[in-house]
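Enquirer: One structure coming up, written as structure tokens, with questions to follow.
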Amino acid sequence: MKTAQIGMEIIRLASEIRDNATSYQSNLFADEAKVDFWIADEQKVKYVVIGNSLFIFREDRGFFHIYFCSSSQDDLDKDLADLQPQSAAWVVDLVGNHSQINSLENLFSSHNFSPYASLKRLVLSAPAAEGKPDASYVGHENVELAALSDADQLLKLLETSFDPLKEQIPFKRELVLGIEKGSILVVRKDQVLAGLLYHETMGITSILRYWLVSEHYRNRGIGSALMSRYLSLYPNVKRFMLWVLTDNVDAISKYRHYGFKEDSLVDIVMIRGAN
Amino acid sequence: MKTVLGILSEIRPEFDFTENRDFIKEGMLDSFDIIALVSSLEQEFLIRIDGTDIVPENFASLDAIEKLVRRSSKKA
């Protein structure tokens, strides 16, 4: 197992596997810049080539995200069996249409991975976005941009509210970049952060990453104030997207209220415990 | 036979890919879309796109994608 120094190492190996593949299989959607970011973010990235498969391990909070690039599903099955067990749990995200990932889910199950969670992607597209409810709403809550001094509190709020195995919580460096870009909206109450909305907006597309109201401050309109402000911030955006846990019916119901609809992508999260 | 524009419109029908925009910087194509696009282009045009060619700049415009298809056709 090698530790990656630059993203190019990983991308070059993945390209070689793809170029010689009969039926390329991968769950690595990150590009070189993203892998570079992981490395710079001190998320240890290791990799190993076994047979016709590349396996990449990204260290998170006490476990590893595992990514694979393989020349075929048969090769992945064979090479996965030869992967040496680790001292920490492995988490694999299988992303695609149900029909595409069903066989991969069975394959990983046969290698002692268990289903842990599933997420689905919701999309709000123009012209629906133009007619979204409450788009012009200006709530009584004071929604403002997060400040750099909020970073620690934001991180704590995310880490205590979400499961890192399911929801890929950012590290502090990524949060600081988000604050600097103006991508994090907050509502303060009693001098503490009562709610946040963290998005990544690129041109005419925006990804809603986290929308959260601290438990103590729920049912006071803070969540709707954050969402309404967010949806009205970027009139040029034609596509809003987010991932939500399929069993989080409350959140799904709220997103539907704002006009979000399911598209065909799902993310099946599977876990293999530490040996 | 479908055109590159037709394939793009199937993948992301909400966007007008004839507009002079950078598909990547504008977020019109994300990493999931690019994987789907590569697969569709390979099937439709019976080509093989090299792994080293799957970089954002080759998917940033209609012109760039069409050039990629022509370049890849020669390798098939």
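In the structure tokens, chains take the letters A, B, ... in the order shown, each chain's residues start at 1, and ligands count up from 1 in the order shown.
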Define the interface residues of chain A facing chain B as those within 7 Å, counting only C-alpha atoms, and report them as an mmCIF file with all heavy atoms, in the first residue's frame.
Expert:
```
data_model
loop_
_atom_site.group_PDB
_atom_site.id
_atom_site.type_symbol
_atom_site.label_atom_id
_atom_site.label_comp_id
_atom_site.auth_asym_id
_atom_site.auth_seq_id
_atom_site.Cartn_x
_atom_site.Cartn_y
_atom_site.Cartn_z
ATOM 1 N N SER A 15 -6.599 5.664 -15.128
ATOM 2 C CA SER A 15 -6.677 5.748 -16.593
ATOM 3 C C SER A 15 -6.109 4.496 -17.249
ATOM 4 O O SER A 15 -6.661 3.983 -18.221
ATOM 5 C CB SER A 15 -5.901 6.966 -17.098
ATOM 6 O OG SER A 15 -6.500 8.141 -16.637
ATOM 7 N N GLU A 16 -5.003 4.004 -16.697
ATOM 8 C CA GLU A 16 -4.385 2.792 -17.264
ATOM 9 C C GLU A 16 -5.343 1.613 -17.158
ATOM 10 O O GLU A 16 -5.486 0.827 -18.089
ATOM 11 C CB GLU A 16 -3.083 2.475 -16.516
ATOM 12 C CG GLU A 16 -1.933 3.388 -16.929
ATOM 13 C CD GLU A 16 -0.681 3.166 -16.078
ATOM 14 O OE1 GLU A 16 -0.602 2.123 -15.384
ATOM 15 O OE2 GLU A 16 0.191 4.053 -16.104
ATOM 16 N N ARG A 18 -8.603 1.748 -16.931
ATOM 17 C CA ARG A 18 -9.729 1.979 -17.841
ATOM 18 C C ARG A 18 -9.351 1.660 -19.279
ATOM 19 O O ARG A 18 -10.133 1.071 -20.029
ATOM 20 C CB ARG A 18 -10.208 3.430 -17.726
ATOM 21 C CG ARG A 18 -11.490 3.673 -18.490
ATOM 22 C CD ARG A 18 -11.949 5.095 -18.455
ATOM 23 N NE ARG A 18 -13.245 5.200 -19.108
ATOM 24 C CZ ARG A 18 -13.425 5.188 -20.421
ATOM 25 N NH1 ARG A 18 -12.388 5.101 -21.239
ATOM 26 N NH2 ARG A 18 -14.644 5.251 -20.942
ATOM 27 N N ASP A 19 -8.135 2.070 -19.681
ATOM 28 C CA ASP A 19 -7.720 1.862 -21.073
ATOM 29 C C ASP A 19 -7.599 0.381 -21.424
ATOM 30 O O ASP A 19 -7.668 0.004 -22.589
ATOM 31 C CB ASP A 19 -6.386 2.579 -21.341
ATOM 32 C CG ASP A 19 -6.563 4.100 -21.316
ATOM 33 O OD1 ASP A 19 -7.732 4.550 -21.375
ATOM 34 O OD2 ASP A 19 -5.557 4.821 -21.214
ATOM 35 N N PHE A 29 -15.365 9.164 -8.595
ATOM 36 C CA PHE A 29 -15.852 10.264 -9.416
ATOM 37 C C PHE A 29 -15.004 11.519 -9.214
ATOM 38 O O PHE A 29 -15.256 12.538 -9.845
ATOM 39 C CB PHE A 29 -17.324 10.558 -9.089
ATOM 40 C CG PHE A 29 -18.246 9.440 -9.483
ATOM 41 C CD1 PHE A 29 -18.708 8.542 -8.543
ATOM 42 C CD2 PHE A 29 -18.628 9.274 -10.802
ATOM 43 C CE1 PHE A 29 -19.550 7.495 -8.907
ATOM 44 C CE2 PHE A 29 -19.467 8.229 -11.183
ATOM 45 C CZ PHE A 29 -19.926 7.343 -10.232
ATOM 46 N N SER A 125 -35.166 21.908 -10.826
ATOM 47 C CA SER A 125 -34.716 22.460 -12.101
ATOM 48 C C SER A 125 -35.581 23.628 -12.531
ATOM 49 O O SER A 125 -36.766 23.685 -12.208
ATOM 50 C CB SER A 125 -34.794 21.399 -13.195
ATOM 51 O OG SER A 125 -33.975 20.317 -12.892
ATOM 52 N N ALA A 126 -34.987 24.532 -13.303
ATOM 53 C CA ALA A 126 -35.792 25.577 -13.942
ATOM 54 C C ALA A 126 -36.656 24.896 -15.010
ATOM 55 O O ALA A 126 -36.215 23.921 -15.616
ATOM 56 C CB ALA A 126 -34.879 26.607 -14.583
ATOM 57 N N MET A 202 -21.803 26.699 -8.560
ATOM 58 C CA MET A 202 -20.911 26.898 -9.698
ATOM 59 C C MET A 202 -21.767 27.327 -10.873
ATOM 60 O O MET A 202 -22.529 26.519 -11.399
ATOM 61 C CB MET A 202 -20.223 25.593 -10.097
ATOM 62 C CG MET A 202 -19.331 24.981 -9.057
ATOM 63 S SD MET A 202 -18.845 23.331 -9.600
ATOM 64 C CE MET A 202 -18.020 23.653 -11.149
ATOM 65 N N GLY A 203 -21.641 28.582 -11.279
ATOM 66 C CA GLY A 203 -22.384 29.035 -12.451
ATOM 67 C C GLY A 203 -23.870 28.844 -12.295
ATOM 68 O O GLY A 203 -24.498 29.421 -11.411
ATOM 69 N N ILE A 204 -24.445 27.968 -13.130
ATOM 70 C CA ILE A 204 -25.901 27.813 -13.119
ATOM 71 C C ILE A 204 -26.351 26.549 -12.371
ATOM 72 O O ILE A 204 -27.488 26.126 -12.483
ATOM 73 C CB ILE A 204 -26.471 27.838 -14.556
ATOM 74 C CG1 ILE A 204 -25.805 26.779 -15.439
ATOM 75 C CG2 ILE A 204 -26.286 29.206 -15.174
ATOM 76 C CD1 ILE A 204 -26.392 26.724 -16.838
ATOM 77 N N THR A 205 -25.418 25.962 -11.602
ATOM 78 C CA THR A 205 -25.767 24.787 -10.805
ATOM 79 C C THR A 205 -25.373 25.011 -9.347
ATOM 80 O O THR A 205 -24.325 25.588 -9.072
ATOM 81 C CB THR A 205 -25.029 23.534 -11.334
ATOM 82 O OG1 THR A 205 -25.508 23.249 -12.637
ATOM 83 C CG2 THR A 205 -25.281 22.323 -10.450
#
```
Enquirer: Using the chain letters and numbers from this document, which residues of stretch 19-258 of chain A does DSSP assign to strand (DSSP E or B), as a PyMOL selection string?
Expert: chain A and resi 25-26+45-50+53-59+63-70+89-96+114-125+143-145+184-189+192-202+205-213+239-245
Enquirer: Find the residues near stretch 101-107 of chain A: any atom within 12 Å, counting only C-alpha atoms, skip ones fewer than 5 places away on the same chain, and give them as a PyMOL selection string.
Expert: chain A and resi 25-27+68+70+72-81+92-96+112-116+118+264-271
Enquirer: List the neighbours of A:Ile39 out to 8 Å using only C-alpha atoms; skip same-chain residues closer than 4 positions along the sequence, and give me the result as a list in words.
Expert: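 These residues fall inside the cut-off: Ala4, Gln5, Ile6, Gly7, Val35, Gln43, Lys44 and Val45 of chain A.
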Enquirer: Selection from above, N, CA, C and O atoms, as a PDB file, in the first residue's frame, can you write it?
Expert:
```pdb
ATOM      1  N   ALA A   4      -0.387   8.326  -1.389  1.00  0.00           N
ATOM      2  CA  ALA A   4      -0.358   9.221  -2.555  1.00  0.00           C
ATOM      3  C   ALA A   4       0.199  10.583  -2.165  1.00  0.00           C
ATOM      4  O   ALA A   4      -0.138  11.119  -1.103  1.00  0.00           O
ATOM      5  N   GLN A   5       1.063  11.122  -3.013  1.00  0.00           N
ATOM      6  CA  GLN A   5       1.626  12.457  -2.774  1.00  0.00           C
ATOM      7  C   GLN A   5       0.904  13.513  -3.601  1.00  0.00           C
ATOM      8  O   GLN A   5       0.783  14.656  -3.195  1.00  0.00           O
ATOM      9  N   ILE A   6       0.457  13.100  -4.800  1.00  0.00           N
ATOM     10  CA  ILE A   6      -0.294  14.020  -5.670  1.00  0.00           C
ATOM     11  C   ILE A   6      -1.435  13.250  -6.340  1.00  0.00           C
ATOM     12  O   ILE A   6      -1.351  12.032  -6.527  1.00  0.00           O
ATOM     13  N   GLY A   7      -2.469  13.998  -6.712  1.00  0.00           N
ATOM     14  CA  GLY A   7      -3.638  13.367  -7.322  1.00  0.00           C
ATOM     15  C   GLY A   7      -3.326  12.669  -8.635  1.00  0.00           C
ATOM     16  O   GLY A   7      -3.945  11.656  -8.979  1.00  0.00           O
ATOM     17  N   VAL A  35      -8.633  14.953  -5.698  1.00  0.00           N
ATOM     18  CA  VAL A  35      -7.702  14.085  -4.957  1.00  0.00           C
ATOM     19  C   VAL A  35      -6.585  14.932  -4.349  1.00  0.00           C
ATOM     20  O   VAL A  35      -6.168  14.712  -3.207  1.00  0.00           O
ATOM     21  N   GLN A  43      -6.082  14.417   4.618  1.00  0.00           N
ATOM     22  CA  GLN A  43      -6.815  13.159   4.644  1.00  0.00           C
ATOM     23  C   GLN A  43      -5.880  12.162   3.972  1.00  0.00           C
ATOM     24  O   GLN A  43      -5.645  12.264   2.778  1.00  0.00           O
ATOM     25  N   LYS A  44      -5.336  11.267   4.731  1.00  0.00           N
ATOM     26  CA  LYS A  44      -4.347  10.363   4.186  1.00  0.00           C
ATOM     27  C   LYS A  44      -4.975   9.541   3.056  1.00  0.00           C
ATOM     28  O   LYS A  44      -6.029   8.943   3.237  1.00  0.00           O
ATOM     29  N   VAL A  45      -4.337   9.562   1.892  1.00  0.00           N
ATOM     30  CA  VAL A  45      -4.846   8.812   0.741  1.00  0.00           C
ATOM     31  C   VAL A  45      -3.823   7.744   0.378  1.00  0.00           C
ATOM     32  O   VAL A  45      -2.671   8.057   0.077  1.00  0.00           O
TER      33      VAL A  45
END
```
Enquirer: Quick one: residues within 10 Å of A:Lys2, only C-alpha atoms, excluding same-chain residues fewer than 6 positions away - as JSON, numbers by chain?
Expert: {"A": [45, 46, 47, 48, 49, 56, 57]}
Enquirer: For the residues in that selection, give me all heavy atoms as an mmCIF file, in the first residue's frame.
Expert:
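New file part-v3.cif:
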```cif
data_model
loop_
_atom_site.group_PDB
_atom_site.id
_atom_site.type_symbol
_atom_site.label_atom_id
_atom_site.label_comp_id
_atom_site.auth_asym_id
_atom_site.auth_seq_id
_atom_site.Cartn_x
_atom_site.Cartn_y
_atom_site.Cartn_z
ATOM 1 N N VAL A 45 -4.337 9.562 1.892
ATOM 2 C CA VAL A 45 -4.846 8.812 0.741
ATOM 3 C C VAL A 45 -3.823 7.744 0.378
ATOM 4 O O VAL A 45 -2.671 8.057 0.077
ATOM 5 C CB VAL A 45 -5.094 9.744 -0.465
ATOM 6 C CG1 VAL A 45 -5.593 8.939 -1.664
ATOM 7 C CG2 VAL A 45 -6.105 10.830 -0.107
ATOM 8 N N LYS A 46 -4.233 6.493 0.456
ATOM 9 C CA LYS A 46 -3.340 5.376 0.133
ATOM 10 C C LYS A 46 -3.933 4.608 -1.038
ATOM 11 O O LYS A 46 -5.137 4.679 -1.280
ATOM 12 C CB LYS A 46 -3.192 4.447 1.335
ATOM 13 C CG LYS A 46 -2.529 5.094 2.524
ATOM 14 C CD LYS A 46 -2.435 4.095 3.662
ATOM 15 C CE LYS A 46 -1.673 4.707 4.828
ATOM 16 N NZ LYS A 46 -1.481 3.756 5.923
ATOM 17 N N TYR A 47 -3.091 3.867 -1.731
ATOM 18 C CA TYR A 47 -3.623 3.077 -2.834
ATOM 19 C C TYR A 47 -2.806 1.813 -3.040
ATOM 20 O O TYR A 47 -1.650 1.720 -2.602
ATOM 21 C CB TYR A 47 -3.660 3.905 -4.127
ATOM 22 C CG TYR A 47 -2.311 4.347 -4.636
ATOM 23 C CD1 TYR A 47 -1.596 3.561 -5.532
ATOM 24 C CD2 TYR A 47 -1.754 5.554 -4.221
ATOM 25 C CE1 TYR A 47 -0.357 3.971 -6.005
ATOM 26 C CE2 TYR A 47 -0.523 5.964 -4.683
ATOM 27 C CZ TYR A 47 0.174 5.167 -5.570
ATOM 28 O OH TYR A 47 1.419 5.562 -6.033
ATOM 29 N N VAL A 48 -3.430 0.871 -3.701
ATOM 30 C CA VAL A 48 -2.739 -0.371 -4.029
ATOM 31 C C VAL A 48 -3.346 -0.909 -5.330
ATOM 32 O O VAL A 48 -4.553 -0.765 -5.566
ATOM 33 C CB VAL A 48 -2.869 -1.401 -2.865
ATOM 34 C CG1 VAL A 48 -4.328 -1.781 -2.607
ATOM 35 C CG2 VAL A 48 -2.046 -2.645 -3.124
ATOM 36 N N VAL A 49 -2.495 -1.476 -6.168
ATOM 37 C CA VAL A 49 -2.979 -2.147 -7.377
ATOM 38 C C VAL A 49 -2.890 -3.643 -7.140
ATOM 39 O O VAL A 49 -1.835 -4.162 -6.764
ATOM 40 C CB VAL A 49 -2.147 -1.747 -8.615
ATOM 41 C CG1 VAL A 49 -2.609 -2.545 -9.843
ATOM 42 C CG2 VAL A 49 -2.266 -0.255 -8.881
ATOM 43 N N ILE A 56 -8.305 2.569 -3.685
ATOM 44 C CA ILE A 56 -7.857 3.815 -3.057
ATOM 45 C C ILE A 56 -8.543 3.929 -1.701
ATOM 46 O O ILE A 56 -9.753 3.688 -1.595
ATOM 47 C CB ILE A 56 -8.236 5.020 -3.945
ATOM 48 C CG1 ILE A 56 -7.611 4.858 -5.327
ATOM 49 C CG2 ILE A 56 -7.793 6.330 -3.323
ATOM 50 C CD1 ILE A 56 -8.538 5.260 -6.439
ATOM 51 N N PHE A 57 -7.767 4.312 -0.719
ATOM 52 C CA PHE A 57 -8.299 4.442 0.646
ATOM 53 C C PHE A 57 -8.121 5.884 1.108
ATOM 54 O O PHE A 57 -7.016 6.401 1.107
ATOM 55 C CB PHE A 57 -7.551 3.515 1.605
ATOM 56 C CG PHE A 57 -7.702 2.065 1.251
ATOM 57 C CD1 PHE A 57 -6.884 1.475 0.297
ATOM 58 C CD2 PHE A 57 -8.686 1.296 1.849
ATOM 59 C CE1 PHE A 57 -7.028 0.143 -0.053
ATOM 60 C CE2 PHE A 57 -8.844 -0.036 1.501
ATOM 61 C CZ PHE A 57 -8.018 -0.612 0.549
#
```
Enquirer: Which parts of chain B does DSSP call helix (DSSP H, G or I) when run on the backbone here, written out as a PyMOL selection string?
Expert: chain B and resi 4-11+31-45+51-53+56-59+62-75
Enquirer: Can you list, as a list in words, every protein, DNA or RNA residue that comes within 12 Å of A:Asn248 when you count only C-alpha atoms, leaving out same-chain residues fewer than 3 positions away?
Expert: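 Result of the neighbour search: Ala117, Ser118, Leu119, Lys120, Trp243, Val244, Leu245, Ala251, Ile252, Ser253, Lys254 and Tyr255 of chain A.
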Enquirer: Would you mind exporting N, CA, C and O atoms of the selected residues as a PDB file, in the first residue's frame?
Expert:
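In the end it all went to part_4.pdb:
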```pdb
ATOM      1  N   ALA A 117     -26.501   2.435   4.680  1.00  0.00           N
ATOM      2  CA  ALA A 117     -27.437   3.542   4.445  1.00  0.00           C
ATOM      3  C   ALA A 117     -27.638   3.669   2.946  1.00  0.00           C
ATOM      4  O   ALA A 117     -26.861   3.137   2.155  1.00  0.00           O
ATOM      5  N   SER A 118     -28.686   4.370   2.569  1.00  0.00           N
ATOM      6  CA  SER A 118     -28.839   4.714   1.159  1.00  0.00           C
ATOM      7  C   SER A 118     -29.311   6.156   1.062  1.00  0.00           C
ATOM      8  O   SER A 118     -30.050   6.641   1.923  1.00  0.00           O
ATOM      9  N   LEU A 119     -28.821   6.804   0.025  1.00  0.00           N
ATOM     10  CA  LEU A 119     -29.203   8.195  -0.230  1.00  0.00           C
ATOM     11  C   LEU A 119     -29.748   8.294  -1.646  1.00  0.00           C
ATOM     12  O   LEU A 119     -29.425   7.462  -2.506  1.00  0.00           O
ATOM     13  N   LYS A 120     -30.571   9.295  -1.868  1.00  0.00           N
ATOM     14  CA  LYS A 120     -31.019   9.549  -3.230  1.00  0.00           C
ATOM     15  C   LYS A 120     -30.803  11.008  -3.568  1.00  0.00           C
ATOM     16  O   LYS A 120     -30.749  11.862  -2.669  1.00  0.00           O
ATOM     17  N   TRP A 243     -28.245  15.523  -1.934  1.00  0.00           N
ATOM     18  CA  TRP A 243     -28.383  14.100  -1.588  1.00  0.00           C
ATOM     19  C   TRP A 243     -29.054  14.017  -0.224  1.00  0.00           C
ATOM     20  O   TRP A 243     -28.712  14.774   0.689  1.00  0.00           O
ATOM     21  N   VAL A 244     -29.998  13.104  -0.088  1.00  0.00           N
ATOM     22  CA  VAL A 244     -30.701  12.958   1.183  1.00  0.00           C
ATOM     23  C   VAL A 244     -30.819  11.473   1.518  1.00  0.00           C
ATOM     24  O   VAL A 244     -30.959  10.632   0.619  1.00  0.00           O
ATOM     25  N   LEU A 245     -30.750  11.163   2.808  1.00  0.00           N
ATOM     26  CA  LEU A 245     -30.932   9.775   3.234  1.00  0.00           C
ATOM     27  C   LEU A 245     -32.347   9.332   2.881  1.00  0.00           C
ATOM     28  O   LEU A 245     -33.316  10.054   3.149  1.00  0.00           O
ATOM     29  N   ALA A 251     -37.110  15.243   6.119  1.00  0.00           N
ATOM     30  CA  ALA A 251     -36.314  16.117   5.244  1.00  0.00           C
ATOM     31  C   ALA A 251     -36.828  16.040   3.806  1.00  0.00           C
ATOM     32  O   ALA A 251     -36.976  17.065   3.132  1.00  0.00           O
ATOM     33  N   ILE A 252     -37.136  14.824   3.352  1.00  0.00           N
ATOM     34  CA  ILE A 252     -37.609  14.660   1.969  1.00  0.00           C
ATOM     35  C   ILE A 252     -38.908  15.440   1.760  1.00  0.00           C
ATOM     36  O   ILE A 252     -39.102  16.111   0.747  1.00  0.00           O
ATOM     37  N   SER A 253     -39.775  15.368   2.759  1.00  0.00           N
ATOM     38  CA  SER A 253     -41.038  16.095   2.676  1.00  0.00           C
ATOM     39  C   SER A 253     -40.787  17.601   2.578  1.00  0.00           C
ATOM     40  O   SER A 253     -41.436  18.316   1.801  1.00  0.00           O
ATOM     41  N   LYS A 254     -39.817  18.103   3.343  1.00  0.00           N
ATOM     42  CA  LYS A 254     -39.499  19.534   3.282  1.00  0.00           C
ATOM     43  C   LYS A 254     -38.919  19.907   1.913  1.00  0.00           C
ATOM     44  O   LYS A 254     -39.280  20.937   1.338  1.00  0.00           O
ATOM     45  N   TYR A 255     -38.039  19.071   1.408  1.00  0.00           N
ATOM     46  CA  TYR A 255     -37.441  19.367   0.097  1.00  0.00           C
ATOM     47  C   TYR A 255     -38.510  19.366  -0.993  1.00  0.00           C
ATOM     48  O   TYR A 255     -38.494  20.192  -1.896  1.00  0.00           O
TER      49      TYR A 255
END
```
